[in-house]
file data-v5.txt (compact mmCIF, C-alpha atoms)
# COMPACT_ATOMS: atom_id res chain seq x y z
CA MET A 200 -4.48 15.62 17.34
CA SER A 201 -1.11 13.93 17.02
CA GLU A 202 1.31 14.60 14.16
CA SER A 203 0.79 11.07 12.84
CA GLU A 204 -2.90 11.91 12.48
CA SER A 205 -2.61 15.39 10.98
CA GLY A 206 0.78 15.57 9.27
CA PRO A 207 2.86 18.62 8.41
CA GLU A 208 1.08 19.16 5.09
CA SER A 209 -2.23 20.69 4.21
CA GLY A 210 -2.67 19.05 0.81
CA SER A 211 -5.93 19.04 -1.08
CA GLU A 212 -8.68 16.74 0.14
CA SER A 213 -10.47 17.03 -3.16
CA GLY A 214 -11.27 13.77 -4.88
CA PRO A 215 -13.92 11.96 -6.88
CA GLU A 216 -17.38 11.63 -5.46
CA PHE A 217 -19.20 8.28 -5.51
CA ALA A 218 -22.75 9.36 -4.75
CA GLU A 219 -24.39 6.82 -7.04
CA HIS A 220 -21.91 3.96 -6.74
CA ARG A 221 -19.40 3.32 -4.01
CA PRO A 222 -16.80 0.90 -5.43
CA LEU A 223 -16.48 -2.30 -3.42
CA ILE A 224 -12.96 -2.59 -2.00
CA ALA A 225 -11.97 -5.87 -0.34
CA VAL A 226 -9.33 -5.32 2.36
CA LEU A 227 -7.74 -8.72 2.91
CA ASP A 228 -8.16 -9.91 6.50
CA TYR A 229 -5.37 -12.38 7.26
CA GLY A 230 -5.55 -11.81 10.99
CA ILE A 231 -2.28 -10.04 11.71
CA GLY A 232 -1.29 -6.40 12.13
CA ASN A 233 -3.47 -3.30 12.24
CA LEU A 234 -5.79 -3.98 9.31
CA HIS A 235 -8.66 -1.84 10.58
CA SER A 236 -6.91 1.48 9.95
CA ALA A 237 -6.59 0.67 6.25
CA HIS A 238 -10.23 -0.43 6.17
CA LYS A 239 -11.37 2.84 7.77
CA GLY A 240 -9.10 4.85 5.45
CA PHE A 241 -10.81 3.42 2.37
CA GLU A 242 -14.23 4.08 3.88
CA HIS A 243 -13.16 7.70 4.39
CA ALA A 244 -12.02 7.76 0.77
CA GLY A 245 -15.50 6.95 -0.46
CA ALA A 246 -15.36 3.18 -0.90
CA ASP A 247 -17.69 0.46 0.25
CA ALA A 248 -14.74 -1.11 2.08
CA ARG A 249 -14.99 -4.59 3.60
CA LEU A 250 -12.36 -6.21 5.82
CA THR A 251 -12.79 -9.79 4.68
CA ALA A 252 -11.35 -13.23 4.05
CA ASP A 253 -14.43 -14.37 2.10
CA ARG A 254 -13.42 -15.62 -1.35
CA GLY A 255 -16.79 -14.83 -2.92
CA LEU A 256 -16.75 -11.25 -1.71
CA ILE A 257 -13.15 -10.76 -2.82
CA GLU A 258 -14.02 -12.09 -6.28
CA GLU A 259 -16.88 -9.60 -6.52
CA ALA A 260 -14.79 -6.62 -5.41
CA ASP A 261 -13.90 -3.75 -7.73
CA GLY A 262 -10.51 -3.49 -6.03
CA VAL A 263 -8.43 -5.49 -3.55
CA VAL A 264 -6.08 -4.20 -0.85
CA LEU A 265 -3.30 -6.07 0.95
CA PRO A 266 -2.39 -4.03 4.06
CA GLY A 267 -0.31 -5.00 7.05
CA VAL A 268 1.96 -4.05 9.91
CA GLY A 269 4.62 -6.33 11.37
CA ALA A 270 7.44 -8.64 10.37
CA TYR A 271 7.72 -10.24 6.94
CA GLY A 272 7.90 -13.88 8.07
CA PRO A 273 4.80 -13.99 10.31
CA CYS A 274 2.82 -11.90 7.81
CA ILE A 275 3.51 -14.08 4.77
CA ASN A 276 2.84 -17.20 6.87
CA ALA A 277 -0.49 -15.79 8.04
CA LEU A 278 -1.45 -14.79 4.51
CA ARG A 279 -0.73 -18.32 3.27
CA ALA A 280 -2.52 -19.95 6.21
CA THR A 281 -5.74 -18.20 5.17
CA GLY A 282 -5.29 -19.03 1.49
CA LEU A 283 -5.48 -15.35 0.66
CA ASP A 284 -2.12 -15.48 -1.11
CA GLU A 285 -3.70 -17.52 -3.90
CA ILE A 286 -6.75 -15.32 -4.35
CA ALA A 287 -4.56 -12.20 -4.26
CA LEU A 288 -2.53 -13.53 -7.17
CA GLU A 289 -5.71 -14.60 -8.98
CA ARG A 290 -7.21 -11.10 -8.69
CA ILE A 291 -3.97 -9.52 -9.91
CA ALA A 292 -3.86 -11.89 -12.90
CA ALA A 293 -7.50 -11.04 -13.66
CA GLY A 294 -6.59 -7.36 -13.97
CA VAL A 295 -8.46 -6.22 -10.85
CA PRO A 296 -6.96 -3.06 -9.28
CA PHE A 297 -4.76 -4.21 -6.39
CA PHE A 298 -3.00 -2.09 -3.73
CA GLY A 299 -0.32 -3.37 -1.33
CA ILE A 300 0.38 -1.13 1.66
CA CYS A 301 3.43 -1.15 3.98
CA ILE A 302 4.25 -4.79 4.77
CA GLY A 303 1.60 -5.64 2.17
CA MET A 304 3.86 -4.03 -0.42
CA GLN A 305 6.86 -5.99 0.85
CA LEU A 306 4.93 -9.28 0.66
CA MET A 307 4.49 -8.62 -3.05
CA PHE A 308 8.24 -8.99 -3.56
CA ALA A 309 9.96 -12.37 -4.01
CA GLY A 310 11.46 -12.41 -0.51
CA SER A 311 13.06 -10.37 2.24
CA GLU A 312 16.30 -10.22 4.18
CA GLU A 313 14.10 -10.00 7.28
CA ALA A 314 12.96 -13.60 6.79
CA PRO A 315 15.59 -15.64 4.93
CA GLY A 316 13.99 -18.62 3.21
CA ALA A 317 10.48 -17.18 3.24
CA THR A 318 8.93 -16.85 -0.21
CA GLY A 319 6.82 -13.82 -1.03
CA LEU A 320 4.14 -13.43 -3.67
CA GLY A 321 6.72 -12.63 -6.34
CA VAL A 322 4.68 -9.96 -8.12
CA PHE A 323 7.88 -7.93 -8.11
CA ASP A 324 10.66 -10.43 -8.81
CA ARG A 325 13.33 -9.04 -6.50
CA GLN A 326 14.15 -8.74 -2.82
CA VAL A 327 13.29 -6.55 0.14
CA VAL A 328 16.43 -5.40 1.95
CA ALA A 329 17.30 -3.67 5.21
CA ILE A 330 17.56 0.10 5.33
CA PRO A 331 21.29 1.00 5.53
CA ASP A 332 22.67 0.98 9.09
CA THR A 333 24.04 4.48 8.52
CA VAL A 334 20.61 5.86 9.48
CA LYS A 335 18.27 5.21 12.38
CA ARG A 336 16.03 2.19 11.95
CA PRO A 337 13.13 2.17 11.62
CA GLN A 338 12.36 5.20 9.53
CA MET A 339 9.43 6.42 11.63
CA GLN A 340 8.59 9.88 10.39
CA TRP A 341 6.94 12.08 7.81
CA ASN A 342 8.91 12.31 4.57
CA THR A 343 8.34 13.71 1.10
CA LEU A 344 7.80 11.67 -2.02
CA ASP A 345 10.21 12.10 -4.94
CA LEU A 346 8.09 11.17 -7.94
CA ARG A 347 9.77 9.45 -10.88
CA CYS A 348 6.82 9.75 -13.22
CA ASP A 349 3.23 10.85 -13.51
CA HIS A 350 1.01 8.09 -12.22
CA PRO A 351 -2.69 8.04 -11.26
CA MET A 352 -1.64 7.15 -7.70
CA PHE A 353 -0.41 10.72 -7.30
CA ASP A 354 -3.22 12.65 -9.00
CA GLY A 355 -4.21 15.73 -7.02
CA LEU A 356 -1.15 15.76 -4.73
CA PRO A 357 0.82 18.96 -4.10
CA ASP A 358 4.33 19.32 -5.51
CA GLU A 359 5.75 18.57 -2.04
CA ALA A 360 3.71 15.62 -0.80
CA TRP A 361 4.40 14.51 2.78
CA VAL A 362 3.46 10.96 3.80
CA TYR A 363 4.05 8.84 6.89
CA PHE A 364 6.57 5.99 7.01
CA VAL A 365 7.26 3.28 9.60
CA HIS A 366 9.68 0.63 8.30
CA SER A 367 13.13 -0.92 8.64
CA PHE A 368 13.15 -2.71 5.28
CA ALA A 369 12.45 -1.54 1.75
CA GLY A 370 12.05 -3.01 -1.70
CA THR A 371 14.94 -2.89 -4.14
CA ASP A 372 14.90 -0.58 -7.14
CA GLY A 373 13.43 -1.44 -10.51
CA ASP A 374 11.77 -0.02 -13.62
CA ASP A 375 8.36 -0.14 -11.90
CA VAL A 376 9.36 2.19 -9.03
CA VAL A 377 7.24 5.34 -9.30
CA ALA A 378 8.39 7.18 -6.15
CA THR A 379 11.28 7.20 -3.70
CA CYS A 380 12.07 9.05 -0.49
CA ASP A 381 15.35 10.40 0.83
CA TYR A 382 16.44 8.66 4.04
CA GLY A 383 20.21 8.63 3.93
CA THR A 384 19.81 7.16 0.46
CA ASP A 385 16.95 6.86 -2.02
CA LEU A 386 14.48 4.31 -0.64
CA VAL A 387 11.70 2.77 -2.70
CA ALA A 388 8.46 4.43 -1.58
CA ALA A 389 5.97 3.29 -4.23
CA VAL A 390 5.82 0.76 -7.07
CA ALA A 391 3.22 0.42 -9.81
CA ARG A 392 2.75 -1.92 -12.76
CA ASP A 393 -0.44 -2.26 -14.81
CA ASN A 394 -3.30 -2.84 -12.32
CA VAL A 395 -0.98 -3.16 -9.30
CA TRP A 396 -0.12 -0.30 -6.94
CA ALA A 397 2.09 -0.59 -3.86
CA ALA A 398 3.17 1.91 -1.20
CA GLN A 399 5.77 1.51 1.54
CA PHE A 400 4.26 4.42 3.46
CA HIS A 401 0.86 4.42 5.19
CA PRO A 402 -1.69 6.40 3.12
CA GLU A 403 -4.30 5.91 5.83
CA LYS A 404 -2.02 7.71 8.32
CA SER A 405 -0.81 10.39 5.91
CA GLY A 406 -3.45 13.07 6.35
CA SER A 407 -5.08 14.67 3.31
CA ASN A 408 -2.32 13.48 0.96
CA GLY A 409 -2.90 9.88 1.98
CA ILE A 410 -6.66 10.15 1.63
CA GLN A 411 -6.15 11.60 -1.85
CA ILE A 412 -4.06 8.54 -2.80
CA LEU A 413 -6.75 6.22 -1.45
CA ARG A 414 -9.40 8.16 -3.39
CA ASN A 415 -7.31 7.78 -6.52
CA PHE A 416 -7.29 4.01 -6.05
CA VAL A 417 -11.02 3.94 -5.37
CA ALA A 418 -11.55 5.92 -8.58
CA ALA A 419 -9.39 3.47 -10.52
CA ALA A 420 -11.34 0.55 -9.07
CA GLY A 421 -14.65 2.23 -9.89
CA ALA A 422 -13.60 2.74 -13.49
CA THR A 423 -13.06 -0.97 -14.21

call {"tool": "encode", "arguments": {"input": "data-v5.txt", "output": "structure tokens"}}
result
Amino acid sequence: MSESESGPESGSESGPEFAEHRPLIAVLDYGIGNLHSAHKGFEHAGADARLTADRGLIEEADGVVLPGVGAYGPCINALRATGLDEIALERIAAGVPFFGICIGMQLMFAGSEEAPGATGLGVFDRQVVAIPDTVKRPQMQWNTLDLRCDHPMFDGLPDEAWVYFVHSFAGTDGDDVVATCDYGTDLVAAVARDNVWAAQFHPEKSGSNGIQILRNFVAAAGAT
């Protein structure tokens, strides 16, 4: 097993059980990047996870996930071409638990230095910027989370929680940042506001810690 599959940590895999009801999680399928790993991660976390672009199914879902791997410009263009940008914003406005992962988190910002002129979803009204050139880009490694507050995203994690990052750009700081990581400077690692969660790292590739985070989201979705 590779390090990216197992990780350096041995955090708890405990989490809620969903024997009677598996919350329906819609993983938005906008046809770009490795979306299947996020889908499988949520299945492992106990959800009835569906990789889908079907509006009806997304509207029925207990929670919605915007994953993604790749460059900002092509990803936001693909999201808009499917019309999933509109339904994502509708679900957020309706109070449905929503989780943006990796480039999915970046798409939730207003824009990015990676794609000047491209307009993001604007959930977080600020920019994504390049990681400083004083460090190697991309950050492609395991790193620990520095938590700024207690948040349900982090329930059940050990004090030193390792997660897996692959990125060259990061969101800018704000009052809704709930975790950072140290990579030459403090980089935004996770953001949360009301029903919206977002992670720059890949929970689905972060071993038991990542699965715990996904279980926490599934539990939040199941509670609505």

call {"tool": "residues_around", "arguments": {"input": "data-v5.txt", "residues": "range 364-370 of chain A", "least_positions_apart": "5", "cutoff": "7 Å", "atoms": "all atoms listed in the file", "output": "MDAnalysis selection string"}}
result
chainID A and resid 305 326:330 336:341 386:387 400:401

call {"tool": "write_last_selection", "arguments": {"input": "data-v5.txt", "atoms": "C-alpha atoms", "output": "mmCIF file, in the frame of the given file"}}
result
data_model
loop_
_atom_site.group_PDB
_atom_site.id
_atom_site.type_symbol
_atom_site.label_atom_id
_atom_site.label_comp_id
_atom_site.auth_asym_id
_atom_site.auth_seq_id
_atom_site.Cartn_x
_atom_site.Cartn_y
_atom_site.Cartn_z
ATOM 1 C CA GLN A 305 6.860 -5.990 0.850
ATOM 2 C CA GLN A 326 14.150 -8.740 -2.820
ATOM 3 C CA VAL A 327 13.290 -6.550 0.140
ATOM 4 C CA VAL A 328 16.430 -5.400 1.950
ATOM 5 C CA ALA A 329 17.300 -3.670 5.210
ATOM 6 C CA ILE A 330 17.560 0.100 5.330
ATOM 7 C CA ARG A 336 16.030 2.190 11.950
ATOM 8 C CA PRO A 337 13.130 2.170 11.620
ATOM 9 C CA GLN A 338 12.360 5.200 9.530
ATOM 10 C CA MET A 339 9.430 6.420 11.630
ATOM 11 C CA GLN A 340 8.590 9.880 10.390
ATOM 12 C CA TRP A 341 6.940 12.080 7.810
ATOM 13 C CA LEU A 386 14.480 4.310 -0.640
ATOM 14 C CA VAL A 387 11.700 2.770 -2.700
ATOM 15 C CA PHE A 400 4.260 4.420 3.460
ATOM 16 C CA HIS A 401 0.860 4.420 5.190
#

call {"tool": "closest_residue", "arguments": {"input": "data-v5.txt", "among": "A:Val295, A:Ile302, A:Ile286, A:Ala277", "to": "Asn394 in chain A", "atoms": "all atoms listed in the file"}}
result
A:Val295

call {"tool": "atom_distance", "arguments": {"input": "data-v5.txt", "atom1": "CA of Leu234 in chain A", "atom2": "CA of Asp349 in chain A"}}
result
28.7 Å

call {"tool": "closest_residue", "arguments": {"input": "data-v5.txt", "among": "A:Thr318, A:Gln399, A:Thr251, A:Asn233", "to": "Leu344 in chain A", "atoms": "only C-alpha atoms"}}
result
A:Gln399

call {"tool": "closest_residue", "arguments": {"input": "data-v5.txt", "among": "A:Leu320, A:Leu265, A:Ile412, A:Ala389", "to": "Phe297 in chain A", "atoms": "only C-alpha atoms"}}
result
A:Leu265

call {"tool": "atom_distance", "arguments": {"input": "data-v5.txt", "atom1": "CA of Cys380 in chain A", "atom2": "CA of Trp361 in chain A"}}
result
10.0 Å

call {"tool": "atom_distance", "arguments": {"input": "data-v5.txt", "atom1": "CA of Pro266 in chain A", "atom2": "CA of Ile300 in chain A"}}
result
4.7 Å

call {"tool": "closest_residue", "arguments": {"input": "data-v5.txt", "among": "A:Gly262, A:Ala225, A:Pro331, A:Trp396", "to": "Ala422 in chain A", "atoms": "all atoms listed in the file"}}
result
A:Gly262

call {"tool": "residues_around", "arguments": {"input": "data-v5.txt", "residues": "Leu256 in chain A", "least_positions_apart": "2", "cutoff": "12 Å", "atoms": "only C-alpha atoms", "output": "list of chain:residue names"}}
result
A:Leu223, A:Ile224, A:Ala225, A:Val226, A:Leu227, A:Asp228, A:Asp247, A:Ala248, A:Arg249, A:Leu250, A:Thr251, A:Ala252, A:Asp253, A:Arg254, A:Glu258, A:Glu259, A:Ala260, A:Asp261, A:Gly262, A:Val263, A:Ile286, A:Arg290

call {"tool": "closest_residue", "arguments": {"input": "data-v5.txt", "among": "A:Val334, A:Ile231, A:Tyr271, A:Cys348", "to": "Glu312 in chain A", "atoms": "only C-alpha atoms"}}
result
A:Tyr271

call {"tool": "closest_residue", "arguments": {"input": "data-v5.txt", "among": "A:Glu403, A:Asp372, A:Glu289, A:Glu313", "to": "Arg347 in chain A", "atoms": "only C-alpha atoms"}}
result
A:Asp372

call {"tool": "residues_near_point", "arguments": {"input": "data-v5.txt", "point": "(6.3, 17.7, -2.5)", "cutoff": "12 Å", "atoms": "all atoms listed in the file", "output": "list of chain:residue names"}}
result
A:Pro207, A:Glu208, A:Ser209, A:Gly210, A:Trp341, A:Asn342, A:Thr343, A:Leu344, A:Asp345, A:Leu346, A:Phe353, A:Gly355, A:Leu356, A:Pro357, A:Asp358, A:Glu359, A:Ala360, A:Trp361, A:Val362, A:Ala378, A:Thr379, A:Cys380, A:Asn408

call {"tool": "axis_aligned_box", "arguments": {"input": "data-v5.txt", "around": "range 260-274 of chain A", "padding_each_side": "8 Å", "output": "lines of an AutoDock Vina configuration file"}}
result
center_x = -3.4
center_y = -8.7
center_z = 1.8
size_x = 38.7
size_y = 26.5
size_z = 35.1

call {"tool": "residues_around", "arguments": {"input": "data-v5.txt", "residues": "Asp374 in chain A", "least_positions_apart": "5", "cutoff": "10 Å", "atoms": "all atoms listed in the file", "output": "ChimeraX atom specification"}}
result
/A:390-392
